[in-house]
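File shown here: my_file_29.txt, holding compact mmCIF, C-alpha atoms.
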```txt
# COMPACT_ATOMS: atom_id res chain seq x y z
CA MET J 1 -100.87 34.42 31.94
CA VAL J 2 -101.79 37.46 34.00
CA GLY J 3 -101.36 40.85 32.35
CA ILE J 4 -99.96 43.90 34.11
CA THR J 5 -103.39 45.55 34.17
CA GLN J 6 -104.87 42.53 35.93
CA LEU J 7 -101.98 42.56 38.38
CA MET J 8 -102.59 46.23 39.16
CA GLU J 9 -106.19 45.38 40.02
CA ASP J 10 -105.20 42.57 42.39
CA LYS J 11 -105.67 43.93 45.92
CA VAL J 12 -103.14 41.54 47.50
CA PHE J 13 -100.48 42.45 44.97
CA MET J 14 -101.16 46.17 45.44
CA ALA J 15 -100.94 45.75 49.22
CA PHE J 16 -97.60 43.96 48.76
CA ALA J 17 -96.41 46.76 46.45
CA SER J 18 -97.46 49.39 49.02
CA TYR J 19 -95.72 47.76 51.98
CA THR J 20 -92.68 46.94 49.86
CA THR J 21 -92.40 50.61 48.93
CA ILE J 22 -92.51 51.56 52.61
CA ILE J 23 -89.88 49.03 53.68
CA LEU J 24 -87.55 49.79 50.75
CA SER J 25 -87.84 53.51 51.50
CA LYS J 26 -86.86 52.78 55.10
CA MET J 27 -83.89 50.77 53.87
CA MET J 28 -82.84 53.66 51.60
CA PHE J 29 -83.11 55.97 54.60
CA MET J 30 -80.61 53.74 56.43
CA SER J 31 -78.06 54.31 53.64
CA THR J 32 -78.55 58.04 53.99
CA ALA J 33 -78.30 57.82 57.79
CA THR J 34 -75.02 55.92 57.53
CA ALA J 35 -73.61 58.56 55.17
CA PHE J 36 -74.89 61.35 57.45
CA TYR J 37 -73.16 59.89 60.51
CA ARG J 38 -69.94 59.26 58.55
CA LEU J 39 -69.86 62.88 57.36
CA THR J 40 -70.87 64.57 60.62
CA ARG J 41 -68.49 62.45 62.70
CA LYS J 42 -65.77 62.50 60.03
CA VAL J 43 -65.41 58.72 60.02
CA PHE J 44 -64.44 57.24 56.67
CA VAL J 45 -63.30 53.82 55.50
CA ASN J 46 -61.75 54.59 52.12
CA PRO J 47 -58.61 56.71 51.61
CA GLU J 48 -60.21 58.72 48.80
CA ASP J 49 -63.01 59.73 51.18
CA TYR J 50 -60.68 61.44 53.63
CA ALA J 51 -57.89 62.44 51.22
CA SER J 52 -59.07 66.05 51.10
CA PHE J 53 -58.37 66.43 54.83
CA GLY J 54 -54.59 66.01 54.32
CA LYS J 55 -52.21 63.11 54.84
CA GLU J 56 -51.21 64.14 58.35
CA ASN J 57 -54.81 63.86 59.53
CA ALA J 58 -55.64 60.63 57.68
CA LYS J 59 -55.50 58.45 60.79
CA ASN J 60 -58.00 60.71 62.54
CA TYR J 61 -60.60 60.04 59.83
CA SER J 62 -59.94 56.34 59.29
CA ARG J 63 -61.34 55.01 62.54
CA VAL J 64 -64.28 53.14 63.99
CA ASP J 65 -67.14 55.10 65.54
CA GLU J 66 -69.81 53.30 67.56
CA ARG J 67 -72.70 55.44 66.24
CA VAL J 68 -71.67 54.91 62.61
CA GLU J 69 -71.24 51.18 63.20
CA ARG J 70 -74.63 50.91 64.92
CA VAL J 71 -76.42 52.50 61.94
CA ARG J 72 -74.40 50.40 59.51
CA ARG J 73 -75.22 47.17 61.37
CA ALA J 74 -78.93 48.06 61.42
CA HIS J 75 -78.76 48.59 57.66
CA LEU J 76 -76.97 45.26 57.13
CA ASN J 77 -79.63 43.55 59.23
CA ASP J 78 -82.27 45.12 56.97
CA LEU J 79 -80.53 43.67 53.92
CA GLU J 80 -80.47 40.21 55.50
CA ASN J 81 -84.19 40.29 56.27
CA ILE J 82 -85.85 42.48 53.66
CA VAL J 83 -84.41 40.71 50.63
CA PRO J 84 -85.95 37.31 51.59
CA PHE J 85 -89.24 39.07 52.40
CA LEU J 86 -89.28 40.64 48.93
CA GLY J 87 -88.82 37.34 47.11
CA ILE J 88 -91.06 35.18 49.27
CA GLY J 89 -93.61 37.97 49.69
CA LEU J 90 -93.89 38.46 45.94
CA LEU J 91 -94.48 34.76 45.34
CA TYR J 92 -96.92 34.69 48.24
CA ALA J 93 -98.82 37.73 46.92
CA LEU J 94 -99.08 36.12 43.49
CA SER J 95 -100.36 32.82 44.94
CA GLY J 96 -103.82 34.22 45.67
CA PRO J 97 -103.89 34.38 49.48
CA ASP J 98 -106.76 35.83 51.47
CA LEU J 99 -106.48 39.65 51.44
CA SER J 100 -106.79 40.12 55.21
CA THR J 101 -104.21 37.40 55.94
CA ALA J 102 -101.79 38.84 53.39
CA ILE J 103 -102.17 42.38 54.75
CA LEU J 104 -101.58 41.07 58.27
CA HIS J 105 -98.33 39.44 57.10
CA PHE J 106 -97.19 42.60 55.32
CA ARG J 107 -98.08 44.94 58.19
CA LEU J 108 -96.43 42.76 60.80
CA PHE J 109 -93.23 42.55 58.78
CA VAL J 110 -93.02 46.27 58.07
CA GLY J 111 -93.90 47.17 61.67
CA ALA J 112 -91.33 44.71 63.02
CA ARG J 113 -88.56 46.08 60.77
CA ILE J 114 -89.34 49.68 61.69
CA TYR J 115 -89.39 48.79 65.38
CA HIS J 116 -86.15 46.81 64.95
CA THR J 117 -84.46 49.90 63.52
CA ILE J 118 -85.73 52.09 66.36
CA ALA J 119 -84.59 49.52 68.93
CA TYR J 120 -81.18 49.29 67.25
CA LEU J 121 -80.55 53.01 66.90
CA LEU J 122 -81.73 54.32 70.27
CA PRO J 123 -80.64 51.60 71.58
CA LEU J 124 -83.46 49.94 73.50
CA PRO J 125 -82.56 47.14 75.91
CA GLN J 126 -82.86 43.57 74.76
CA PRO J 127 -85.10 41.68 74.08
CA ASN J 128 -86.69 44.57 72.10
CA ARG J 129 -84.50 44.18 69.05
CA ALA J 130 -84.53 40.38 69.19
CA LEU J 131 -88.32 40.24 69.41
CA ALA J 132 -88.67 42.59 66.45
CA PHE J 133 -86.22 40.46 64.47
CA PHE J 134 -88.06 37.23 65.22
CA VAL J 135 -91.49 38.70 64.41
CA GLY J 136 -90.25 39.80 60.97
CA TYR J 137 -88.41 36.54 60.40
CA GLY J 138 -91.45 34.58 61.52
CA VAL J 139 -93.68 36.45 59.06
CA THR J 140 -91.39 35.52 56.18
CA ILE J 141 -91.33 31.89 57.31
CA SER J 142 -95.13 31.91 57.64
CA MET J 143 -95.53 33.16 54.07
CA ALA J 144 -93.02 30.58 52.81
CA TYR J 145 -94.85 27.79 54.66
CA ARG J 146 -98.26 28.85 53.31
CA LEU J 147 -96.82 29.12 49.81
CA LEU J 148 -95.16 25.71 49.94
CA LYS J 149 -98.22 24.10 51.51
CA SER J 150 -100.81 25.47 49.13
CA ARG J 151 -99.29 26.31 45.76
CA LEU J 152 -95.97 24.73 44.99
CA TYR J 153 -95.43 21.25 43.64
CA LEU J 154 -92.81 19.39 45.61
```
Write out the structure in this file as structure tokens.
Amino acid sequence: MVGITQLMEDKVFMAFASYTTIILSKMMFMSTATAFYRLTRKVFVNPEDYASFGKENAKNYSRVDERVERVRRAHLNDLENIVPFLGIGLLYALSGPDLSTAILHFRLFVGARIYHTIAYLLPLPQPNRALAFFVGYGVTISMAYRLLKSRLYL
């Protein structure tokens, strides 16, 4: 059994922890960005959120705004991709991979997700966003394949 002090000395695990912190911080930023756009554009989805503006104006605040929806969709896409990366990446990091290969996986994933967000929010023309998505998705699949091939008993 590996102790926490040994884990903190493992360079692959620490690299995973570092890149995970970056990508989770980016995901938290997306929550804040969604709230910022909802507040500045006065676009709310729940009645209690716009109740203070008065009943006669309620319909003006309960609407769909393309900028709010774009940020929200980018955040949802993060959730769909970052959560699998966290689970598979953790198992991969604990499986003893080569440091340089592991760091390449982590950097590619984080870079792809940041670029995906930029491509989504600006918006950049396709295939920018699709390529960023598939690079990140491919990294997670690569880690899963390496993990299944080398360490797990099937």
- Counting all atoms listed in the file, the residue of J:Tyr92, J:Tyr50, J:Tyr120, J:Phe85 that sits nearest J:Leu108: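 So, comparing all the options, the nearest one is J:Phe85.
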- J:Arg67, J:Lys149, J:Lys11, J:Arg72 ranked by distance to J:Pro123, top pick (using only C-alpha atoms): J:Arg67
- Have a look at atom CA of J:Ser95 and atom CA of J:Leu152 and let me know their distance in Å, one decimal.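 Atom CA of J:Ser95 sits 9.2 Å away from atom CA of J:Leu152.
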- Message: With 8 Å as the threshold, what does the neighbourhood of (-99.5, 39.9, 50.2) contain in terms of residues, counting all atoms listed in the file? Coordinates are those of the file; answer as a PyMOL selection string.
- Response: chain J and resi 12-13+15-16+89-90+92-94+97+99+101-103+105-106
- atom CA of J:Ile82 to atom CA of J:Gln126, straight-line distance in Å: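 Those two atoms sit 21.3 Å apart.
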- Which one is closest to J:Phe134: J:Arg151, J:Lys42, J:Arg113, J:Arg146? Count all atoms listed in the file.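 With all atoms listed in the file as the atom set, the closest residue is J:Arg113.
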- Item | Point-to-point distance from atom CA of J:Ile88 to atom CA of J:Ala144, Å rounded to tenths | 6.1 Å
Sorted by chain and rising residue number, list the residues of stretch 42-104 of chain J at most 8 Å from stretch 20-30 of chain J (counting only C-alpha atoms), each with its closest atom pair and distance in Å to one decimal, as JSON lines.
```
{"residue": "J:Val71", "atom": "CA", "partner": "J:Met30", "partner_atom": "CA", "distance": 7.0}
{"residue": "J:Arg72", "atom": "CA", "partner": "J:Met30", "partner_atom": "CA", "distance": 7.7}
{"residue": "J:Ala74", "atom": "CA", "partner": "J:Met30", "partner_atom": "CA", "distance": 7.7}
{"residue": "J:His75", "atom": "CA", "partner": "J:Met30", "partner_atom": "CA", "distance": 5.6}
{"residue": "J:Asp78", "atom": "CA", "partner": "J:Met27", "partner_atom": "CA", "distance": 6.6}
{"residue": "J:Leu79", "atom": "CA", "partner": "J:Met27", "partner_atom": "CA", "distance": 7.9}
{"residue": "J:Ile82", "atom": "CA", "partner": "J:Ile23", "partner_atom": "CA", "distance": 7.7}
{"residue": "J:Leu86", "atom": "CA", "partner": "J:Thr20", "partner_atom": "CA", "distance": 7.2}
```
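Between J:Arg70 and the residues J:Leu148, J:Ile141, J:Ile118, J:Ala17, the shortest atom-to-atom distance, using all atoms listed in the file, involves J:Ile118.
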- Long-range neighbours of J:Phe133 as an NGL selection string, 10 Å cut-off, all atoms listed in the file, 5 positions minimum in chain: :J and (77-78 or 81 or 109 or 112-113 or 115-117 or 127-128 or 138)
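Proximity of J:Arg38, J:Ser18, J:Leu91, J:Val45 to J:Val110, computed with only C-alpha atoms, is greatest for J:Ser18.
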Would you fill the gaps in stretch 135-146 of chain J so it has all heavy atoms, then print it as a PDB file, in the coordinates of the input?
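What ended up in out_9.pdb:
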```pdb
ATOM      1  N   VAL J 135     -90.153  38.477  64.980  1.00  0.00           N
ATOM      2  CA  VAL J 135     -91.490  38.700  64.410  1.00  0.00           C
ATOM      3  C   VAL J 135     -91.363  38.817  62.889  1.00  0.00           C
ATOM      4  O   VAL J 135     -92.093  38.160  62.140  1.00  0.00           O
ATOM      5  CB  VAL J 135     -92.178  39.939  65.015  1.00  0.00           C
ATOM      6  CG1 VAL J 135     -93.395  40.343  64.199  1.00  0.00           C
ATOM      7  CG2 VAL J 135     -92.574  39.678  66.461  1.00  0.00           C
ATOM      8  N   GLY J 136     -90.442  39.646  62.417  1.00  0.00           N
ATOM      9  CA  GLY J 136     -90.250  39.800  60.970  1.00  0.00           C
ATOM     10  C   GLY J 136     -89.820  38.512  60.301  1.00  0.00           C
ATOM     11  O   GLY J 136     -90.332  38.137  59.243  1.00  0.00           O
ATOM     12  N   TYR J 137     -88.905  37.812  60.930  1.00  0.00           N
ATOM     13  CA  TYR J 137     -88.410  36.540  60.400  1.00  0.00           C
ATOM     14  C   TYR J 137     -89.538  35.513  60.370  1.00  0.00           C
ATOM     15  O   TYR J 137     -89.693  34.771  59.397  1.00  0.00           O
ATOM     16  CB  TYR J 137     -87.251  36.066  61.279  1.00  0.00           C
ATOM     17  CG  TYR J 137     -86.377  35.016  60.664  1.00  0.00           C
ATOM     18  CD1 TYR J 137     -85.439  35.354  59.691  1.00  0.00           C
ATOM     19  CD2 TYR J 137     -86.457  33.685  61.068  1.00  0.00           C
ATOM     20  CE1 TYR J 137     -84.618  34.394  59.141  1.00  0.00           C
ATOM     21  CE2 TYR J 137     -85.644  32.720  60.515  1.00  0.00           C
ATOM     22  CZ  TYR J 137     -84.724  33.067  59.551  1.00  0.00           C
ATOM     23  OH  TYR J 137     -83.913  32.122  59.000  1.00  0.00           O
ATOM     24  N   GLY J 138     -90.327  35.503  61.436  1.00  0.00           N
ATOM     25  CA  GLY J 138     -91.450  34.580  61.520  1.00  0.00           C
ATOM     26  C   GLY J 138     -92.494  34.839  60.440  1.00  0.00           C
ATOM     27  O   GLY J 138     -93.095  33.903  59.900  1.00  0.00           O
ATOM     28  N   VAL J 139     -92.732  36.099  60.129  1.00  0.00           N
ATOM     29  CA  VAL J 139     -93.680  36.450  59.060  1.00  0.00           C
ATOM     30  C   VAL J 139     -93.199  35.884  57.731  1.00  0.00           C
ATOM     31  O   VAL J 139     -93.978  35.285  56.976  1.00  0.00           O
ATOM     32  CB  VAL J 139     -93.860  37.985  58.969  1.00  0.00           C
ATOM     33  CG1 VAL J 139     -94.551  38.382  57.681  1.00  0.00           C
ATOM     34  CG2 VAL J 139     -94.635  38.494  60.169  1.00  0.00           C
ATOM     35  N   THR J 140     -91.929  36.039  57.433  1.00  0.00           N
ATOM     36  CA  THR J 140     -91.390  35.520  56.180  1.00  0.00           C
ATOM     37  C   THR J 140     -91.493  33.995  56.139  1.00  0.00           C
ATOM     38  O   THR J 140     -91.874  33.415  55.112  1.00  0.00           O
ATOM     39  CB  THR J 140     -89.933  35.979  55.974  1.00  0.00           C
ATOM     40  OG1 THR J 140     -89.897  37.411  56.031  1.00  0.00           O
ATOM     41  CG2 THR J 140     -89.387  35.534  54.634  1.00  0.00           C
ATOM     42  N   ILE J 141     -91.194  33.344  57.244  1.00  0.00           N
ATOM     43  CA  ILE J 141     -91.330  31.890  57.310  1.00  0.00           C
ATOM     44  C   ILE J 141     -92.787  31.472  57.149  1.00  0.00           C
ATOM     45  O   ILE J 141     -93.095  30.493  56.462  1.00  0.00           O
ATOM     46  CB  ILE J 141     -90.731  31.346  58.625  1.00  0.00           C
ATOM     47  CG1 ILE J 141     -89.208  31.449  58.571  1.00  0.00           C
ATOM     48  CG2 ILE J 141     -91.162  29.904  58.885  1.00  0.00           C
ATOM     49  CD1 ILE J 141     -88.515  31.105  59.866  1.00  0.00           C
ATOM     50  N   SER J 142     -93.703  32.205  57.760  1.00  0.00           N
ATOM     51  CA  SER J 142     -95.130  31.910  57.640  1.00  0.00           C
ATOM     52  C   SER J 142     -95.582  31.995  56.184  1.00  0.00           C
ATOM     53  O   SER J 142     -96.318  31.124  55.695  1.00  0.00           O
ATOM     54  CB  SER J 142     -95.945  32.862  58.510  1.00  0.00           C
ATOM     55  OG  SER J 142     -97.327  32.682  58.300  1.00  0.00           O
ATOM     56  N   MET J 143     -95.152  33.034  55.485  1.00  0.00           N
ATOM     57  CA  MET J 143     -95.530  33.160  54.070  1.00  0.00           C
ATOM     58  C   MET J 143     -94.927  32.018  53.257  1.00  0.00           C
ATOM     59  O   MET J 143     -95.595  31.460  52.377  1.00  0.00           O
ATOM     60  CB  MET J 143     -95.080  34.511  53.512  1.00  0.00           C
ATOM     61  CG  MET J 143     -95.866  35.684  54.027  1.00  0.00           C
ATOM     62  SD  MET J 143     -95.489  37.249  53.193  1.00  0.00           S
ATOM     63  CE  MET J 143     -93.726  37.408  53.461  1.00  0.00           C
ATOM     64  N   ALA J 144     -93.675  31.673  53.535  1.00  0.00           N
ATOM     65  CA  ALA J 144     -93.020  30.580  52.810  1.00  0.00           C
ATOM     66  C   ALA J 144     -93.758  29.256  53.065  1.00  0.00           C
ATOM     67  O   ALA J 144     -94.005  28.484  52.130  1.00  0.00           O
ATOM     68  CB  ALA J 144     -91.563  30.461  53.238  1.00  0.00           C
ATOM     69  N   TYR J 145     -94.128  29.010  54.313  1.00  0.00           N
ATOM     70  CA  TYR J 145     -94.850  27.790  54.660  1.00  0.00           C
ATOM     71  C   TYR J 145     -96.191  27.724  53.925  1.00  0.00           C
ATOM     72  O   TYR J 145     -96.541  26.701  53.326  1.00  0.00           O
ATOM     73  CB  TYR J 145     -95.055  27.699  56.171  1.00  0.00           C
ATOM     74  CG  TYR J 145     -95.938  26.549  56.575  1.00  0.00           C
ATOM     75  CD1 TYR J 145     -95.442  25.247  56.592  1.00  0.00           C
ATOM     76  CD2 TYR J 145     -97.271  26.765  56.915  1.00  0.00           C
ATOM     77  CE1 TYR J 145     -96.256  24.188  56.937  1.00  0.00           C
ATOM     78  CE2 TYR J 145     -98.097  25.706  57.265  1.00  0.00           C
ATOM     79  CZ  TYR J 145     -97.584  24.416  57.279  1.00  0.00           C
ATOM     80  OH  TYR J 145     -98.398  23.370  57.619  1.00  0.00           O
ATOM     81  N   ARG J 146     -96.945  28.820  53.974  1.00  0.00           N
ATOM     82  CA  ARG J 146     -98.260  28.850  53.310  1.00  0.00           C
ATOM     83  C   ARG J 146     -98.109  28.657  51.801  1.00  0.00           C
ATOM     84  O   ARG J 146     -98.922  27.987  51.169  1.00  0.00           O
ATOM     85  CB  ARG J 146     -98.973  30.162  53.608  1.00  0.00           C
ATOM     86  CG  ARG J 146     -99.462  30.252  55.031  1.00  0.00           C
ATOM     87  CD  ARG J 146     -99.929  31.677  55.345  1.00  0.00           C
ATOM     88  NE  ARG J 146    -100.342  31.782  56.717  1.00  0.00           N
ATOM     89  CZ  ARG J 146    -101.606  31.639  57.139  1.00  0.00           C
ATOM     90  NH1 ARG J 146    -102.558  31.377  56.277  1.00  0.00           N
ATOM     91  NH2 ARG J 146    -101.896  31.755  58.411  1.00  0.00           N
TER      92      ARG J 146
END
```
